[in-house]
$ cat final-v8.cif   # mmCIF, C-alpha atoms
data_start
#
loop_
_atom_site.group_PDB
_atom_site.id
_atom_site.type_symbol
_atom_site.label_atom_id
_atom_site.label_comp_id
_atom_site.auth_asym_id
_atom_site.auth_seq_id
_atom_site.Cartn_x
_atom_site.Cartn_y
_atom_site.Cartn_z
ATOM 1 C CA MET M 9 187.126 136.427 93.376
ATOM 2 C CA LYS M 10 187.660 139.371 91.068
ATOM 3 C CA TYR M 11 190.840 141.458 91.156
ATOM 4 C CA ARG M 12 191.540 145.132 90.567
ATOM 5 C CA ILE M 13 194.663 147.186 89.882
ATOM 6 C CA PHE M 14 195.831 148.943 93.048
ATOM 7 C CA GLY M 15 196.569 152.405 91.683
ATOM 8 C CA LYS M 16 200.091 153.221 90.585
ATOM 9 C CA THR M 17 201.557 150.163 92.323
ATOM 10 C CA ASN M 18 200.072 147.993 89.552
ATOM 11 C CA TRP M 19 199.390 145.265 92.109
ATOM 12 C CA LYS M 20 196.447 142.995 91.293
ATOM 13 C CA VAL M 21 194.523 142.833 94.554
ATOM 14 C CA SER M 22 191.343 140.998 95.460
ATOM 15 C CA GLU M 23 188.468 143.473 95.298
ATOM 16 C CA VAL M 24 187.302 142.045 98.630
ATOM 17 C CA GLY M 25 190.185 142.150 101.091
ATOM 18 C CA LEU M 26 190.214 141.444 104.811
ATOM 19 C CA GLY M 27 190.214 144.026 107.572
ATOM 20 C CA THR M 28 191.797 142.532 110.697
ATOM 21 C CA TRP M 29 190.936 144.956 113.489
ATOM 22 C CA ALA M 30 188.524 142.421 114.986
ATOM 23 C CA LEU M 31 191.199 139.705 114.971
ATOM 24 C CA GLY M 32 193.399 141.829 117.233
ATOM 25 C CA GLY M 33 190.722 143.187 119.548
ATOM 26 C CA GLY M 34 188.222 145.978 119.955
ATOM 27 C CA TRP M 35 185.209 143.988 118.738
ATOM 28 C CA GLY M 36 184.749 141.516 121.572
ATOM 29 C CA ARG M 37 186.757 138.338 122.032
ATOM 30 C CA VAL M 38 188.064 136.352 119.063
ATOM 31 C CA SER M 39 190.114 133.251 119.852
ATOM 32 C CA GLU M 40 193.531 132.846 118.264
ATOM 33 C CA SER M 41 192.420 129.643 116.530
ATOM 34 C CA ASP M 42 189.389 131.419 115.023
ATOM 35 C CA ALA M 43 191.588 134.315 113.903
ATOM 36 C CA ILE M 44 194.117 132.008 112.232
ATOM 37 C CA GLY M 45 191.237 130.095 110.644
ATOM 38 C CA VAL M 46 189.828 133.279 109.130
ATOM 39 C CA LEU M 47 193.218 134.311 107.729
ATOM 40 C CA GLU M 48 193.920 130.885 106.248
ATOM 41 C CA LYS M 49 190.445 130.571 104.732
ATOM 42 C CA ALA M 50 190.757 134.060 103.259
ATOM 43 C CA ILE M 51 193.910 133.049 101.396
ATOM 44 C CA GLU M 52 192.303 129.791 100.278
ATOM 45 C CA ARG M 53 189.345 131.739 98.845
ATOM 46 C CA GLY M 54 191.514 134.145 96.859
ATOM 47 C CA ILE M 55 191.901 137.136 99.172
ATOM 48 C CA ASN M 56 195.401 138.554 98.789
ATOM 49 C CA PHE M 57 195.056 141.873 100.628
ATOM 50 C CA PHE M 58 195.124 142.103 104.434
ATOM 51 C CA ASP M 59 194.753 145.402 106.264
ATOM 52 C CA THR M 60 195.996 145.732 109.825
ATOM 53 C CA ALA M 61 197.589 148.239 112.234
ATOM 54 C CA ASP M 62 200.180 148.227 114.975
ATOM 55 C CA VAL M 63 197.538 149.136 117.577
ATOM 56 C CA TYR M 64 195.101 146.327 116.781
ATOM 57 C CA GLY M 65 195.482 144.266 119.912
ATOM 58 C CA ASP M 66 198.768 146.099 120.559
ATOM 59 C CA GLY M 67 200.355 144.253 117.648
ATOM 60 C CA LYS M 68 198.415 140.983 118.003
ATOM 61 C CA SER M 69 196.753 141.350 114.608
ATOM 62 C CA GLU M 70 200.121 141.896 112.895
ATOM 63 C CA GLN M 71 201.595 138.894 114.717
ATOM 64 C CA LEU M 72 198.747 136.608 113.623
ATOM 65 C CA ILE M 73 199.206 137.696 110.012
ATOM 66 C CA GLY M 74 202.932 137.067 110.370
ATOM 67 C CA GLN M 75 202.238 133.497 111.503
ATOM 68 C CA VAL M 76 200.040 132.817 108.496
ATOM 69 C CA LEU M 77 202.471 134.406 106.019
ATOM 70 C CA LYS M 78 205.076 131.851 107.050
ATOM 71 C CA SER M 79 202.784 128.974 106.051
ATOM 72 C CA THR M 80 201.767 130.088 102.548
ATOM 73 C CA ASP M 81 203.503 130.456 99.200
ATOM 74 C CA GLN M 82 200.788 132.834 97.942
ATOM 75 C CA LYS M 83 201.697 136.505 97.550
ATOM 76 C CA ILE M 84 199.704 138.363 100.175
ATOM 77 C CA TYR M 85 199.832 142.148 100.193
ATOM 78 C CA VAL M 86 199.891 143.384 103.778
ATOM 79 C CA ALA M 87 198.911 146.961 104.528
ATOM 80 C CA THR M 88 199.593 148.046 108.072
ATOM 81 C CA LYS M 89 199.283 151.423 109.772
ATOM 82 C CA PHE M 90 201.251 153.399 112.320
ATOM 83 C CA GLY M 91 201.157 156.584 114.363
ATOM 84 C CA ARG M 92 198.390 155.849 116.850
ATOM 85 C CA ARG M 93 200.856 154.495 119.414
ATOM 86 C CA LEU M 94 201.767 158.100 120.155
ATOM 87 C CA ASP M 95 200.511 159.311 123.523
ATOM 88 C CA PRO M 96 199.449 162.043 123.291
ATOM 89 C CA HIS M 97 198.447 161.535 119.656
ATOM 90 C CA VAL M 98 199.615 164.880 118.266
ATOM 91 C CA SER M 99 201.310 165.746 114.984
ATOM 92 C CA SER M 100 204.510 166.881 116.719
ATOM 93 C CA GLY M 101 205.070 163.249 117.685
ATOM 94 C CA TYR M 102 205.293 162.167 114.053
ATOM 95 C CA THR M 103 209.071 162.488 113.962
ATOM 96 C CA LYS M 104 211.214 160.322 111.727
ATOM 97 C CA ASP M 105 212.690 158.580 114.785
ATOM 98 C CA ASN M 106 209.289 157.745 116.265
ATOM 99 C CA LEU M 107 207.912 156.527 112.948
ATOM 100 C CA GLU M 108 210.976 154.365 112.329
ATOM 101 C CA ARG M 109 210.620 152.848 115.791
ATOM 102 C CA PHE M 110 206.992 151.972 115.099
ATOM 103 C CA LEU M 111 207.925 150.677 111.649
ATOM 104 C CA ASP M 112 210.650 148.396 113.023
ATOM 105 C CA ARG M 113 208.177 146.984 115.537
ATOM 106 C CA SER M 114 205.694 146.178 112.754
ATOM 107 C CA LEU M 115 208.433 144.549 110.672
ATOM 108 C CA GLY M 116 209.174 142.320 113.654
ATOM 109 C CA ASN M 117 205.513 141.530 114.313
ATOM 110 C CA LEU M 118 204.948 140.567 110.692
ATOM 111 C CA GLY M 119 208.257 138.732 110.379
ATOM 112 C CA VAL M 120 209.170 140.459 107.109
ATOM 113 C CA HIS M 121 212.039 142.579 105.836
ATOM 114 C CA THR M 122 209.850 144.936 103.797
ATOM 115 C CA ILE M 123 206.259 146.044 104.399
ATOM 116 C CA ASP M 124 204.182 146.226 101.226
ATOM 117 C CA LEU M 125 202.171 149.271 102.287
ATOM 118 C CA ILE M 126 202.482 151.423 105.393
ATOM 119 C CA GLN M 127 199.727 153.946 106.112
ATOM 120 C CA LEU M 128 199.640 156.935 108.419
ATOM 121 C CA HIS M 129 196.849 155.950 110.821
ATOM 122 C CA CYS M 130 194.296 158.781 110.841
ATOM 123 C CA PRO M 131 196.761 161.433 112.031
ATOM 124 C CA PRO M 132 195.767 164.938 113.172
ATOM 125 C CA ILE M 133 194.726 167.107 110.244
ATOM 126 C CA ASP M 134 197.656 169.519 110.591
ATOM 127 C CA LEU M 135 200.072 166.685 109.803
ATOM 128 C CA TYR M 136 199.078 166.865 106.140
ATOM 129 C CA TYR M 137 200.741 170.270 106.030
ATOM 130 C CA LYS M 138 204.097 168.892 107.225
ATOM 131 C CA PRO M 139 206.086 167.751 104.175
ATOM 132 C CA GLU M 140 208.900 166.507 106.408
ATOM 133 C CA VAL M 141 206.675 163.593 107.492
ATOM 134 C CA PHE M 142 206.249 162.487 103.904
ATOM 135 C CA GLU M 143 209.976 162.966 103.312
ATOM 136 C CA ALA M 144 210.564 160.531 106.185
ATOM 137 C CA LEU M 145 208.289 158.020 104.470
ATOM 138 C CA ASP M 146 210.247 158.500 101.243
ATOM 139 C CA SER M 147 213.420 157.663 103.160
ATOM 140 C CA PHE M 148 211.890 154.405 104.439
ATOM 141 C CA VAL M 149 211.170 153.447 100.827
ATOM 142 C CA GLU M 150 214.783 154.209 99.926
ATOM 143 C CA GLN M 151 215.988 152.057 102.829
ATOM 144 C CA GLY M 152 213.843 149.170 101.601
ATOM 145 C CA LYS M 153 211.827 148.962 104.815
ATOM 146 C CA ILE M 154 208.607 149.707 102.943
ATOM 147 C CA GLN M 155 207.634 149.302 99.318
ATOM 148 C CA HIS M 156 204.899 151.941 99.254
ATOM 149 C CA TYR M 157 203.055 154.266 101.590
ATOM 150 C CA GLY M 158 199.597 155.742 101.870
ATOM 151 C CA VAL M 159 197.272 157.330 104.397
ATOM 152 C CA SER M 160 194.205 156.331 106.324
ATOM 153 C CA VAL M 161 191.956 159.350 106.815
ATOM 154 C CA GLU M 162 188.809 160.399 108.639
ATOM 155 C CA LYS M 163 187.796 163.244 106.363
ATOM 156 C CA VAL M 164 187.548 163.756 102.616
ATOM 157 C CA GLU M 165 189.526 167.003 103.011
ATOM 158 C CA GLU M 166 192.441 165.075 104.531
ATOM 159 C CA GLY M 167 192.454 162.641 101.627
ATOM 160 C CA LEU M 168 192.455 165.461 99.080
ATOM 161 C CA LYS M 169 195.429 167.092 100.812
ATOM 162 C CA ALA M 170 197.329 163.798 101.160
ATOM 163 C CA ILE M 171 197.216 162.975 97.448
ATOM 164 C CA GLU M 172 199.069 166.206 96.694
ATOM 165 C CA TYR M 173 202.208 164.355 97.878
ATOM 166 C CA PRO M 174 203.624 162.363 94.946
ATOM 167 C CA GLY M 175 204.737 159.420 97.109
ATOM 168 C CA VAL M 176 201.223 158.671 98.372
ATOM 169 C CA VAL M 177 199.856 155.653 96.468
ATOM 170 C CA SER M 178 196.661 154.965 98.425
ATOM 171 C CA VAL M 179 194.002 156.460 100.657
ATOM 172 C CA GLN M 180 191.928 154.419 103.051
ATOM 173 C CA ILE M 181 188.612 156.059 103.845
ATOM 174 C CA ILE M 182 185.241 155.155 105.324
ATOM 175 C CA PHE M 183 182.857 154.544 102.428
ATOM 176 C CA ASN M 184 179.544 152.758 102.653
ATOM 177 C CA ILE M 185 175.800 153.239 102.146
ATOM 178 C CA PHE M 186 175.785 155.495 105.238
ATOM 179 C CA ARG M 187 178.909 157.473 104.251
ATOM 180 C CA GLN M 188 178.582 158.425 100.582
ATOM 181 C CA ARG M 189 180.462 161.725 100.369
ATOM 182 C CA PRO M 190 183.773 160.237 99.085
ATOM 183 C CA SER M 191 182.038 159.272 95.813
ATOM 184 C CA GLU M 192 181.877 162.940 94.869
ATOM 185 C CA LEU M 193 185.008 165.051 94.349
ATOM 186 C CA PHE M 194 187.366 162.712 96.225
ATOM 187 C CA PHE M 195 186.890 159.687 93.933
ATOM 188 C CA GLU M 196 187.193 161.933 90.897
ATOM 189 C CA GLN M 197 190.569 163.231 92.065
ATOM 190 C CA CYS M 198 191.836 159.754 92.985
ATOM 191 C CA LYS M 199 190.974 158.493 89.528
ATOM 192 C CA LYS M 200 192.722 161.472 87.946
ATOM 193 C CA LYS M 201 195.913 160.824 89.955
ATOM 194 C CA ASN M 202 195.715 156.995 89.836
ATOM 195 C CA ILE M 203 195.434 156.714 93.625
ATOM 196 C CA ALA M 204 194.241 153.407 95.071
ATOM 197 C CA VAL M 205 191.141 153.684 97.270
ATOM 198 C CA ILE M 206 190.658 151.290 100.199
ATOM 199 C CA ALA M 207 187.066 151.360 101.449
ATOM 200 C CA ARG M 208 186.931 150.661 105.155
ATOM 201 C CA VAL M 209 184.045 150.232 107.645
ATOM 202 C CA PRO M 210 181.940 148.983 104.705
ATOM 203 C CA LEU M 211 179.207 147.577 106.940
ATOM 204 C CA ALA M 212 179.051 150.578 109.303
ATOM 205 C CA SER M 213 180.408 148.533 112.239
ATOM 206 C CA GLY M 214 177.827 145.831 111.577
ATOM 207 C CA LEU M 215 174.776 148.084 111.291
ATOM 208 C CA LEU M 216 174.445 147.302 107.580
ATOM 209 C CA THR M 217 174.419 143.542 108.196
ATOM 210 C CA GLY M 218 170.757 143.852 109.139
ATOM 211 C CA LYS M 219 171.398 141.595 112.130
ATOM 212 C CA MET M 220 171.166 144.199 114.900
ATOM 213 C CA SER M 221 168.257 145.540 116.925
ATOM 214 C CA LEU M 222 167.661 147.790 119.926
ATOM 215 C CA ALA M 223 168.148 144.698 122.070
ATOM 216 C CA THR M 224 171.649 144.037 120.724
ATOM 217 C CA LYS M 225 174.272 144.162 123.493
ATOM 218 C CA PHE M 226 177.969 144.702 122.890
ATOM 219 C CA PRO M 227 180.813 143.488 125.160
ATOM 220 C CA GLU M 228 182.636 146.027 127.324
ATOM 221 C CA ASP M 229 185.766 145.716 125.177
ATOM 222 C CA ASP M 230 183.825 146.370 121.939
ATOM 223 C CA HIS M 231 184.182 149.908 120.552
ATOM 224 C CA ARG M 232 180.491 149.821 119.615
ATOM 225 C CA ASN M 233 179.925 149.972 123.357
ATOM 226 C CA TYR M 234 182.661 152.310 124.591
ATOM 227 C CA ASN M 235 183.152 154.709 121.654
ATOM 228 C CA ARG M 236 179.597 155.665 120.664
ATOM 229 C CA GLN M 237 180.236 159.273 121.669
ATOM 230 C CA GLY M 238 183.770 159.348 120.234
ATOM 231 C CA LYS M 239 185.434 159.219 123.660
ATOM 232 C CA PHE M 240 188.469 157.177 122.547
ATOM 233 C CA PHE M 241 188.784 157.921 118.822
ATOM 234 C CA ASP M 242 186.827 159.592 116.030
ATOM 235 C CA VAL M 243 183.128 158.800 116.446
ATOM 236 C CA GLY M 244 182.910 158.315 112.687
ATOM 237 C CA GLU M 245 184.680 154.969 113.120
ATOM 238 C CA THR M 246 181.795 153.612 115.226
ATOM 239 C CA PHE M 247 178.602 152.944 113.237
ATOM 240 C CA SER M 248 180.077 155.389 110.688
ATOM 241 C CA GLY M 249 179.082 158.217 113.016
ATOM 242 C CA VAL M 250 175.378 157.403 112.642
ATOM 243 C CA ASP M 251 173.175 157.340 115.746
ATOM 244 C CA PHE M 252 172.419 153.668 116.471
ATOM 245 C CA GLU M 253 168.639 154.062 116.542
ATOM 246 C CA ILE M 254 168.540 156.144 113.361
ATOM 247 C CA GLY M 255 170.813 153.598 111.700
ATOM 248 C CA LEU M 256 168.445 150.778 112.630
ATOM 249 C CA LYS M 257 165.505 152.664 111.079
ATOM 250 C CA ALA M 258 167.479 153.181 107.867
ATOM 251 C CA VAL M 259 168.406 149.492 107.765
ATOM 252 C CA GLU M 260 164.732 148.526 108.021
ATOM 253 C CA GLU M 261 164.082 150.719 104.980
ATOM 254 C CA LEU M 262 167.002 149.085 103.153
ATOM 255 C CA LYS M 263 165.544 145.652 103.879
ATOM 256 C CA ARG M 264 162.356 146.675 102.084
ATOM 257 C CA ILE M 265 164.196 147.373 98.834
ATOM 258 C CA LYS M 266 166.769 144.572 99.101
ATOM 259 C CA PRO M 267 166.505 141.858 96.428
ATOM 260 C CA ASP M 268 165.151 138.650 97.964
ATOM 261 C CA ASP M 269 168.041 136.500 96.765
ATOM 262 C CA ILE M 270 170.857 138.401 98.511
ATOM 263 C CA SER M 271 171.646 139.370 102.113
ATOM 264 C CA CYS M 272 172.026 142.852 103.565
ATOM 265 C CA VAL M 273 175.778 142.239 103.775
ATOM 266 C CA GLN M 274 175.977 141.299 100.112
ATOM 267 C CA MET M 275 173.941 144.342 99.072
ATOM 268 C CA ALA M 276 176.095 146.714 101.146
ATOM 269 C CA LEU M 277 179.377 145.349 99.796
ATOM 270 C CA LYS M 278 178.158 145.116 96.198
ATOM 271 C CA TRP M 279 177.020 148.742 96.363
ATOM 272 C CA ILE M 280 180.592 149.728 97.240
ATOM 273 C CA LEU M 281 182.127 147.508 94.570
ATOM 274 C CA MET M 282 179.952 149.117 91.906
ATOM 275 C CA HIS M 283 182.151 152.204 92.316
ATOM 276 C CA SER M 284 185.047 151.488 89.968
ATOM 277 C CA GLU M 285 187.317 153.950 91.817
ATOM 278 C CA VAL M 286 187.388 151.567 94.797
ATOM 279 C CA SER M 287 190.457 149.330 94.555
ATOM 280 C CA CYS M 288 189.578 147.114 97.499
ATOM 281 C CA VAL M 289 186.923 146.903 100.200
ATOM 282 C CA ILE M 290 188.076 145.524 103.562
ATOM 283 C CA PRO M 291 185.231 144.102 105.657
ATOM 284 C CA GLY M 292 186.268 142.359 108.843
ATOM 285 C CA ALA M 293 185.302 138.828 109.810
ATOM 286 C CA LYS M 294 185.403 137.142 113.209
ATOM 287 C CA ASN M 295 184.714 133.678 111.767
ATOM 288 C CA THR M 296 184.772 131.886 108.427
ATOM 289 C CA LYS M 297 180.988 132.119 107.994
ATOM 290 C CA GLN M 298 181.178 135.919 107.990
ATOM 291 C CA LEU M 299 184.182 135.729 105.679
ATOM 292 C CA GLU M 300 182.337 133.607 103.105
ATOM 293 C CA GLU M 301 179.404 136.025 103.054
ATOM 294 C CA ASN M 302 181.789 138.938 102.468
ATOM 295 C CA ILE M 303 183.589 137.144 99.643
ATOM 296 C CA SER M 304 180.336 136.222 97.903
ATOM 297 C CA ALA M 305 179.697 139.910 97.134
ATOM 298 C CA SER M 306 182.451 139.733 94.518
ATOM 299 C CA GLU M 307 180.504 137.090 92.611
ATOM 300 C CA LEU M 308 177.177 138.949 92.430
ATOM 301 C CA THR M 309 175.761 140.781 89.428
ATOM 302 C CA ASP M 310 175.329 144.523 89.783
ATOM 303 C CA LEU M 311 172.414 145.870 91.779
ATOM 304 C CA ASP M 312 169.345 146.936 89.819
ATOM 305 C CA PRO M 313 168.997 150.694 89.088
ATOM 306 C CA ASP M 314 165.775 150.785 91.129
ATOM 307 C CA VAL M 315 167.652 149.410 94.148
ATOM 308 C CA LEU M 316 170.381 152.014 93.703
ATOM 309 C CA LYS M 317 167.746 154.734 93.509
ATOM 310 C CA GLY M 318 166.127 153.430 96.689
ATOM 311 C CA ILE M 319 169.455 153.413 98.539
ATOM 312 C CA LYS M 320 170.058 157.020 97.512
ATOM 313 C CA ILE M 321 166.619 158.108 98.749
ATOM 314 C CA ILE M 322 167.096 156.383 102.127
ATOM 315 C CA TYR M 323 170.499 158.012 102.554
ATOM 316 C CA GLU M 324 169.212 161.459 101.673
ATOM 317 C CA ASN M 325 166.115 161.191 103.855
ATOM 318 C CA LEU M 326 167.547 159.591 107.002
ATOM 319 C CA ILE M 327 171.343 159.801 107.072
ATOM 320 C CA LYS M 328 172.831 162.571 104.943
ATOM 321 C CA SER M 329 172.080 165.550 107.187
ATOM 322 C CA LYS M 330 173.759 163.766 110.131
ATOM 323 C CA VAL M 331 177.067 162.795 108.513
ATOM 324 C CA HIS M 332 177.662 164.216 105.031
ATOM 325 C CA HIS M 333 179.111 167.566 106.102
ATOM 326 C CA ARG M 334 181.205 166.095 108.952
ATOM 327 C CA TRP M 335 183.479 163.711 107.115
#
$ encode --input "final-v8.cif" --output "structure tokens"
Amino acid sequence: MKYRIFGKTNWKVSEVGLGTWALGGGWGRVSESDAIGVLEKAIERGINFFDTADVYGDGKSEQLIGQVLKSTDQKIYVATKFGRRLDPHVSSGYTKDNLERFLDRSLGNLGVHTIDLIQLHCPPIDLYYKPEVFEALDSFVEQGKIQHYGVSVEKVEEGLKAIEYPGVVSVQIIFNIFRQRPSELFFEQCKKKNIAVIARVPLASGLLTGKMSLATKFPEDDHRNYNRQGKFFDVGETFSGVDFEIGLKAVEELKRIKPDDISCVQMALKWILMHSEVSCVIPGAKNTKQLEENISASELTDLDPDVLKGIKIIYENLIKSKVHHRW
């Protein structure tokens, strides 16, 4: 495992972290024993960055991480998120009292006194124009309840606005072969301000694994079934906002240019890691086999320039017009 500096925190984090949405729910059933097994194996294999949220399984993901933290001496950086428990989810609900209530719940779920990194969880865009919210986060740092804070965003514009606040140390954003816009102005500004970048949804909700087809069926409780039209949250979180059939066509093209000695997963993750502005990529894993494949991307040599050129052409021909301007 290779490690990178996490922006101005100066943490050394594994360049491949672990996203734990699937361990809490929303991706079909994962047993508690499988979830614990994934977390323990991740630590064993050198992952020291876990990303979670208070709404993943209504706190289940945080609780599972808390269990595993008690049984290891390794320093594991835990990044959780809050804000989505608001109903309705509107910026006026992001009061200091509400945020502190959510924060205290996460502290209890994780079984810690201080959270390493708390992130606003894809809040409404007008929240980024409310400095009082960021002042509340500053106060949580002063109280010792959190060490640092960042934001998880849907749009590049939200990330650019967020990093105007001096206390923001990180931005989590969707970045993958199907969502390339962040590599333009956004990465440039993050590098300039020493902001850590967490790349989420790196496999486009599994599309980029190359293991799906038109015949693939998803469980009722899997967001790839119930959120394809963005009914429950931003559609960009499901298949990166790409139409499933179009995504499958693009993946077939990617398979044609993929080196024979690596998998689609490895190619997709390595492509992300070749962007030095990315501090950590956080693929999920529902079992240790998936986890090992994710981790192996850290050990690969860089992709050949011809492969990179091919990826760019496929994106521009099949995907760009559908997503680039939206997020």
$ closest_residue --input "final-v8.cif" --among "M:Leu111, M:Ile203, M:Ala293, M:Cys130" --to "M:Val38" --atoms "all atoms listed in the file"
M:Ala293
$ closest_residue --input "final-v8.cif" --among "M:Gly33, M:Gly27, M:Gly318, M:Pro174" --to "M:Leu47" --atoms "only C-alpha atoms"
M:Gly27
$ atom_distance --input "final-v8.cif" --atom1 "atom CA of M:Ile319" --atom2 "atom CA of M:Tyr11"
25.6 Å
$ residues_around --input "final-v8.cif" --residues "M:Thr17" --least-positions-apart "2" --cutoff "10 Å" --atoms "all atoms listed in the file" --output "VMD selection string"
chain M and resid 13 to 15 19 to 20 155 to 156 177 to 178 202 to 204
$ resolve_selection --input "final-v8.cif" --expression "the PyMOL selection byres ((chain M and resi 63) around 8)" --output "ChimeraX atom specification"
/M:61-62,64-67,90,92-93
$ resolve_selection --input "final-v8.cif" --expression "the PyMOL selection byres ((chain M and resi 173) around 12)" --output "count of residues only"
28
$ residues_around --input "final-v8.cif" --residues "stretch 73-89 of chain M" --least-positions-apart "6" --cutoff "8 Å" --atoms "only C-alpha atoms" --output "mmCIF file with C-alpha atoms, in the coordinates of the input"
data_model
loop_
_atom_site.group_PDB
_atom_site.id
_atom_site.type_symbol
_atom_site.label_atom_id
_atom_site.label_comp_id
_atom_site.auth_asym_id
_atom_site.auth_seq_id
_atom_site.Cartn_x
_atom_site.Cartn_y
_atom_site.Cartn_z
ATOM 1 C CA VAL M 21 194.523 142.833 94.554
ATOM 2 C CA ILE M 44 194.117 132.008 112.232
ATOM 3 C CA LEU M 47 193.218 134.311 107.729
ATOM 4 C CA GLU M 48 193.920 130.885 106.248
ATOM 5 C CA ILE M 51 193.910 133.049 101.396
ATOM 6 C CA ILE M 55 191.901 137.136 99.172
ATOM 7 C CA ASN M 56 195.401 138.554 98.789
ATOM 8 C CA PHE M 57 195.056 141.873 100.628
ATOM 9 C CA PHE M 58 195.124 142.103 104.434
ATOM 10 C CA ASP M 59 194.753 145.402 106.264
ATOM 11 C CA THR M 60 195.996 145.732 109.825
ATOM 12 C CA ALA M 61 197.589 148.239 112.234
ATOM 13 C CA ASP M 62 200.180 148.227 114.975
ATOM 14 C CA SER M 114 205.694 146.178 112.754
ATOM 15 C CA ASN M 117 205.513 141.530 114.313
ATOM 16 C CA LEU M 118 204.948 140.567 110.692
ATOM 17 C CA GLY M 119 208.257 138.732 110.379
ATOM 18 C CA VAL M 120 209.170 140.459 107.109
ATOM 19 C CA ILE M 123 206.259 146.044 104.399
ATOM 20 C CA ASP M 124 204.182 146.226 101.226
ATOM 21 C CA LEU M 125 202.171 149.271 102.287
ATOM 22 C CA ILE M 126 202.482 151.423 105.393
ATOM 23 C CA GLN M 127 199.727 153.946 106.112
ATOM 24 C CA LEU M 128 199.640 156.935 108.419
ATOM 25 C CA HIS M 129 196.849 155.950 110.821
ATOM 26 C CA SER M 160 194.205 156.331 106.324
#
$ residues_around --input "final-v8.cif" --residues "M:Pro313" --least-positions-apart "5" --cutoff "12 Å" --atoms "all atoms listed in the file" --output "list in words"
Ile265, Lys266, Pro267, Trp279, Met282, Gly318, Ile319 and Lys320 of chain M
$ resolve_selection --input "final-v8.cif" --expression "the PyMOL selection byres ((chain M and resi 253) around 12)" --output "PyMOL selection string"
chain M and resi 215+220-224+236+247+249-252+254-260+326-327
$ write_last_selection --input "final-v8.cif" --atoms "C-alpha atoms" --output "short mmCIF file (atom, residue, chain, number, x, y, z; two decimals), in the frame of the given file"
data_model
loop_
_atom_site.label_atom_id
_atom_site.label_comp_id
_atom_site.auth_asym_id
_atom_site.auth_seq_id
_atom_site.Cartn_x
_atom_site.Cartn_y
_atom_site.Cartn_z
CA LEU M 215 174.78 148.08 111.29
CA MET M 220 171.17 144.20 114.90
CA SER M 221 168.26 145.54 116.92
CA LEU M 222 167.66 147.79 119.93
CA ALA M 223 168.15 144.70 122.07
CA THR M 224 171.65 144.04 120.72
CA ARG M 236 179.60 155.66 120.66
CA PHE M 247 178.60 152.94 113.24
CA GLY M 249 179.08 158.22 113.02
CA VAL M 250 175.38 157.40 112.64
CA ASP M 251 173.18 157.34 115.75
CA PHE M 252 172.42 153.67 116.47
CA ILE M 254 168.54 156.14 113.36
CA GLY M 255 170.81 153.60 111.70
CA LEU M 256 168.44 150.78 112.63
CA LYS M 257 165.50 152.66 111.08
CA ALA M 258 167.48 153.18 107.87
CA VAL M 259 168.41 149.49 107.76
CA GLU M 260 164.73 148.53 108.02
CA LEU M 326 167.55 159.59 107.00
CA ILE M 327 171.34 159.80 107.07
#
$ atom_distance --input "final-v8.cif" --atom1 "atom CA of M:Gly238" --atom2 "atom CA of M:Phe186"
17.4 Å
$ residues_around --input "final-v8.cif" --residues "M:Val209" --least-positions-apart "5" --cutoff "8 Å" --atoms "all atoms listed in the file" --output "PyMOL selection string"
chain M and resi 182-184+245+248+290-291
$ atom_distance --input "final-v8.cif" --atom1 "atom CA of M:Lys330" --atom2 "atom CA of M:Lys199"
27.4 Å
$ closest_residue --input "final-v8.cif" --among "M:His283, M:Lys104, M:Lys16, M:Lys278" --to "M:Ala305" --atoms "all atoms listed in the file"
M:Lys278
$ closest_residue --input "final-v8.cif" --among "M:Phe226, M:Thr103, M:Ile206, M:Asp269" --to "M:Pro190" --atoms "only C-alpha atoms"
M:Ile206
$ closest_residue --input "final-v8.cif" --among "M:Glu196, M:Asp312, M:Asp134, M:Glu165" --to "M:His333" --atoms "all atoms listed in the file"
M:Glu165
$ residues_near_point --input "final-v8.cif" --point "(182.2, 140.4, 95.1)" --cutoff "9 Å" --atoms "only C-alpha atoms" --output "PyMOL selection string"
chain M and resi 9-10+23-24+274+277-278+281+302-309
$ build_atoms --input "final-v8.cif" --residues "stretch 144-151 of chain M" --atoms "N, CA and C atoms" --output "mmCIF file, keeping the file's coordinate frame"
data_model
loop_
_atom_site.group_PDB
_atom_site.id
_atom_site.type_symbol
_atom_site.label_atom_id
_atom_site.label_comp_id
_atom_site.auth_asym_id
_atom_site.auth_seq_id
_atom_site.Cartn_x
_atom_site.Cartn_y
_atom_site.Cartn_z
ATOM 1 N N ALA M 144 210.122 161.670 105.367
ATOM 2 C CA ALA M 144 210.564 160.531 106.185
ATOM 3 C C ALA M 144 210.078 159.220 105.581
ATOM 4 N N LEU M 145 208.826 159.224 105.103
ATOM 5 C CA LEU M 145 208.289 158.020 104.470
ATOM 6 C C LEU M 145 209.063 157.689 103.196
ATOM 7 N N ASP M 146 209.427 158.725 102.438
ATOM 8 C CA ASP M 146 210.247 158.500 101.243
ATOM 9 C C ASP M 146 211.569 157.833 101.617
ATOM 10 N N SER M 147 212.132 158.237 102.741
ATOM 11 C CA SER M 147 213.420 157.663 103.160
ATOM 12 C C SER M 147 213.269 156.191 103.543
ATOM 13 N N PHE M 148 212.121 155.819 104.094
ATOM 14 C CA PHE M 148 211.890 154.405 104.439
ATOM 15 C C PHE M 148 211.781 153.554 103.172
ATOM 16 N N VAL M 149 211.214 154.151 102.119
ATOM 17 C CA VAL M 149 211.170 153.447 100.827
ATOM 18 C C VAL M 149 212.593 153.237 100.319
ATOM 19 N N GLU M 150 213.394 154.283 100.404
ATOM 20 C CA GLU M 150 214.783 154.209 99.926
ATOM 21 C C GLU M 150 215.583 153.173 100.709
ATOM 22 N N GLN M 151 215.295 153.054 102.004
ATOM 23 C CA GLN M 151 215.988 152.057 102.829
ATOM 24 C C GLN M 151 215.516 150.634 102.544
#
